[in-house]
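Enquirer: Supplied structure: upload-v1.cif, mmCIF, C-alpha atoms.
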```cif
data_coords
#
loop_
_atom_site.group_PDB
_atom_site.id
_atom_site.type_symbol
_atom_site.label_atom_id
_atom_site.label_comp_id
_atom_site.auth_asym_id
_atom_site.auth_seq_id
_atom_site.Cartn_x
_atom_site.Cartn_y
_atom_site.Cartn_z
ATOM 1 C CA MET A 1 -18.872 7.455 -5.292
ATOM 2 C CA PRO A 2 -15.631 7.550 -7.314
ATOM 3 C CA PRO A 3 -15.047 4.449 -9.474
ATOM 4 C CA ALA A 4 -11.876 3.642 -7.491
ATOM 5 C CA TYR A 5 -14.005 2.445 -4.588
ATOM 6 C CA SER A 6 -15.972 -0.768 -4.707
ATOM 7 C CA PHE A 7 -19.275 -1.635 -3.158
ATOM 8 C CA ASP A 8 -21.658 -4.545 -3.103
ATOM 9 C CA PRO A 9 -24.339 -3.815 -5.731
ATOM 10 C CA ALA A 10 -26.731 -6.194 -3.965
ATOM 11 C CA LEU A 11 -26.956 -3.663 -1.123
ATOM 12 C CA ILE A 12 -28.019 -0.813 -3.413
ATOM 13 C CA ALA A 13 -31.624 -0.142 -4.387
ATOM 14 C CA PRO A 14 -32.273 -1.090 -8.037
ATOM 15 C CA GLU A 15 -33.155 2.472 -9.078
ATOM 16 C CA VAL A 16 -29.891 3.784 -7.587
ATOM 17 C CA ARG A 17 -27.899 0.972 -9.215
ATOM 18 C CA ASP A 18 -29.509 1.730 -12.601
ATOM 19 C CA GLY A 19 -28.707 5.428 -12.173
ATOM 20 C CA ILE A 20 -25.062 4.627 -11.455
ATOM 21 C CA ALA A 21 -24.897 2.370 -14.526
ATOM 22 C CA ALA A 22 -26.501 5.044 -16.756
ATOM 23 C CA GLY A 23 -24.072 7.736 -15.562
ATOM 24 C CA THR A 24 -21.114 5.434 -16.092
ATOM 25 C CA ALA A 25 -22.342 4.500 -19.586
ATOM 26 C CA THR A 26 -22.518 8.191 -20.511
ATOM 27 C CA ALA A 27 -18.975 8.800 -19.232
ATOM 28 C CA LEU A 28 -17.708 5.756 -21.151
ATOM 29 C CA GLY A 29 -19.317 6.974 -24.386
ATOM 30 C CA ASP A 30 -17.739 10.406 -23.901
ATOM 31 C CA ALA A 31 -14.298 8.858 -23.301
ATOM 32 C CA LEU A 32 -14.530 6.656 -26.406
ATOM 33 C CA ARG A 33 -15.900 9.324 -28.781
ATOM 34 C CA PRO A 34 -12.519 10.799 -29.858
ATOM 35 C CA TRP A 35 -11.031 7.324 -30.402
ATOM 36 C CA ARG A 36 -14.002 6.234 -32.500
ATOM 37 C CA GLY A 37 -13.484 9.303 -34.666
ATOM 38 C CA LYS A 38 -9.774 8.585 -35.039
ATOM 39 C CA TYR A 39 -10.207 4.849 -35.761
ATOM 40 C CA PRO A 40 -13.640 4.400 -37.388
ATOM 41 C CA GLU A 41 -12.710 1.002 -38.852
ATOM 42 C CA ILE A 42 -12.372 -0.544 -35.368
ATOM 43 C CA ARG A 43 -15.596 -2.037 -34.003
ATOM 44 C CA VAL A 44 -16.167 -1.141 -30.352
ATOM 45 C CA GLU A 45 -18.911 -2.542 -28.161
ATOM 46 C CA GLU A 46 -19.679 -0.632 -24.972
ATOM 47 C CA GLU A 47 -20.962 -2.409 -21.896
ATOM 48 C CA CYS A 48 -21.366 -0.937 -18.434
ATOM 49 C CA SER A 49 -21.951 -3.283 -15.544
ATOM 50 C CA VAL A 50 -22.305 -2.551 -11.867
ATOM 51 C CA GLY A 51 -20.358 -4.937 -9.674
ATOM 52 C CA ARG A 52 -16.918 -6.442 -9.363
ATOM 53 C CA ALA A 53 -14.756 -5.758 -12.432
ATOM 54 C CA ALA A 54 -12.772 -9.007 -12.275
ATOM 55 C CA GLY A 55 -15.895 -11.168 -12.326
ATOM 56 C CA HIS A 56 -17.386 -9.290 -15.270
ATOM 57 C CA LEU A 57 -14.143 -9.453 -17.262
ATOM 58 C CA VAL A 58 -13.636 -13.167 -16.622
ATOM 59 C CA ALA A 59 -17.227 -13.827 -17.733
ATOM 60 C CA ALA A 60 -16.683 -11.710 -20.867
ATOM 61 C CA SER A 61 -13.562 -13.715 -21.720
ATOM 62 C CA ALA A 62 -15.771 -16.663 -22.700
ATOM 63 C CA ASN A 63 -16.710 -14.775 -25.897
ATOM 64 C CA ALA A 64 -13.409 -12.976 -26.487
ATOM 65 C CA SER A 65 -10.460 -13.625 -28.769
ATOM 66 C CA LEU A 66 -8.190 -11.499 -26.579
ATOM 67 C CA MET A 67 -8.615 -9.810 -23.215
ATOM 68 C CA VAL A 68 -6.671 -6.579 -22.758
ATOM 69 C CA VAL A 69 -6.358 -5.251 -19.219
ATOM 70 C CA GLY A 70 -4.395 -2.293 -17.987
ATOM 71 C CA ARG A 71 -2.227 -1.876 -14.943
ATOM 72 C CA ARG A 72 -0.645 1.073 -13.216
ATOM 73 C CA VAL A 73 3.097 1.480 -13.455
ATOM 74 C CA ARG A 74 4.537 1.049 -9.988
ATOM 75 C CA ARG A 75 8.001 2.432 -9.358
ATOM 76 C CA SER A 76 8.755 0.264 -6.330
ATOM 77 C CA ALA A 77 11.274 -2.517 -6.884
ATOM 78 C CA ILE A 78 9.557 -4.736 -4.339
ATOM 79 C CA GLY A 79 6.005 -5.980 -4.058
ATOM 80 C CA THR A 80 3.454 -6.999 -6.598
ATOM 81 C CA HIS A 81 3.115 -5.014 -9.786
ATOM 82 C CA LEU A 82 -0.326 -6.348 -10.715
ATOM 83 C CA GLY A 83 -3.554 -5.246 -9.152
ATOM 84 C CA PRO A 84 -6.303 -7.659 -8.123
ATOM 85 C CA VAL A 85 -8.346 -7.254 -11.321
ATOM 86 C CA ALA A 86 -5.463 -7.949 -13.719
ATOM 87 C CA HIS A 87 -4.357 -10.836 -11.501
ATOM 88 C CA ALA A 88 -7.827 -12.436 -11.509
ATOM 89 C CA VAL A 89 -8.213 -12.035 -15.274
ATOM 90 C CA LEU A 90 -4.779 -13.583 -15.904
ATOM 91 C CA HIS A 91 -5.624 -16.616 -13.807
ATOM 92 C CA HIS A 92 -9.268 -17.189 -14.735
ATOM 93 C CA SER A 93 -9.758 -15.899 -18.297
ATOM 94 C CA THR A 94 -10.601 -18.452 -20.979
ATOM 95 C CA ALA A 95 -9.082 -16.149 -23.632
ATOM 96 C CA PRO A 96 -5.464 -15.030 -24.000
ATOM 97 C CA VAL A 97 -4.691 -11.957 -21.878
ATOM 98 C CA ALA A 98 -2.519 -8.940 -22.662
ATOM 99 C CA VAL A 99 -1.567 -6.787 -19.660
ATOM 100 C CA VAL A 100 -0.684 -3.259 -20.752
ATOM 101 C CA PRO A 101 0.996 -0.839 -18.335
ATOM 102 C CA HIS A 102 -0.361 2.693 -18.241
ATOM 103 C CA ALA A 103 2.265 4.990 -19.701
#
```
Let me see whether you can do it: turn the structure in this file into structure tokens.

Expert:
Amino acid sequence: MPPAYSFDPALIAPEVRDGIAAGTATALGDALRPWRGKYPEIRVEEECSVGRAAGHLVAASANASLMVVGRRVRRSAIGTHLGPVAHAVLHHSTAPVAVVPHA
């Protein structure tokens, strides 16, 4: 299932859930590899979790100095310009939050 869709991990068998997490961890490592090479002095910790992104990010904010979340750039002049994850992190994070629009 594409990462844009959400699902309740409690409804998935543990072996399937672990397989999803392992595949996502591999994709994350591949995406970060060029940036690690370009900026080796920056410490990066990878963590892949299955479940609702907002809940995981808010929980992670307890140990963070700064939370950075992205948002899509929306061209419409009306309506909200934050998605539900960025909105939840802004309102519930215990750390300062930076919202960065995707360029």

Enquirer: If we count all atoms listed in the file and set the cut-off at 8 Å, which residues sit around region 62-64 of chain A, ignoring sequence neighbours fewer than 4 positions away in its own chain? Please answer as a list in words.

Expert: Val58, Ser93, Thr94 and Ala95 of chain A

Enquirer: Can I get the selected residues back with C-alpha atoms, as a CSV table (one decimal), in the coordinates of the input?

Expert:
```csv
chain,number,residue,atom,x,y,z
A,58,VAL,CA,-13.6,-13.2,-16.6
A,93,SER,CA,-9.8,-15.9,-18.3
A,94,THR,CA,-10.6,-18.5,-21.0
A,95,ALA,CA,-9.1,-16.1,-23.6
```

Enquirer: If I take CA of Val16 (chain A) and CA of Ala54 (chain A), how far is one from the other in Å, to one decimal?

Expert: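 Interatomic distance here is 21.9 Å.
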
Enquirer: Interatomic distance between CA of His91 (chain A) and CA of Ser61 (chain A)?

Expert: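 Spanning CA of His91 (chain A) to CA of Ser61 (chain A) is a straight-line distance of 11.6 Å.
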
Enquirer: Would you write out, as a PyMOL selection string, every residue that the PyMOL selection byres ((chain A and resi 44) around 12) captures in this file?

Expert: chain A and resi 28-29+32-33+35-37+39-43+45-47

Enquirer: Dump C-alpha atoms for the selected residues as a short mmCIF file (atom, residue, chain, number, x, y, z; two decimals), in the coordinates of the input?

Expert:
```cif
data_model
loop_
_atom_site.label_atom_id
_atom_site.label_comp_id
_atom_site.auth_asym_id
_atom_site.auth_seq_id
_atom_site.Cartn_x
_atom_site.Cartn_y
_atom_site.Cartn_z
CA LEU A 28 -17.71 5.76 -21.15
CA GLY A 29 -19.32 6.97 -24.39
CA LEU A 32 -14.53 6.66 -26.41
CA ARG A 33 -15.90 9.32 -28.78
CA TRP A 35 -11.03 7.32 -30.40
CA ARG A 36 -14.00 6.23 -32.50
CA GLY A 37 -13.48 9.30 -34.67
CA TYR A 39 -10.21 4.85 -35.76
CA PRO A 40 -13.64 4.40 -37.39
CA GLU A 41 -12.71 1.00 -38.85
CA ILE A 42 -12.37 -0.54 -35.37
CA ARG A 43 -15.60 -2.04 -34.00
CA GLU A 45 -18.91 -2.54 -28.16
CA GLU A 46 -19.68 -0.63 -24.97
CA GLU A 47 -20.96 -2.41 -21.90
#
```

Enquirer: Using all atoms listed in the file - which residues lie no farther than 12 Å from the point (-2.2, -7.9, -10.6) in the file's frame? Write them as a PyMOL selection string.

Expert: chain A and resi 54+69-74+79-91+99-101

Enquirer: Please measure the separation of CA of Ala25 (chain A) and CA of Cys48 (chain A), giving the value in Å to one decimal.

Expert: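 These two atoms are separated by 5.6 Å.
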
Enquirer: Run the PyMOL selection byres ((chain A and resi 50) around 8) on the file and write out the hits as a ChimeraX atom specification.

Expert: /A:9,17,20-21,48-49,51-52
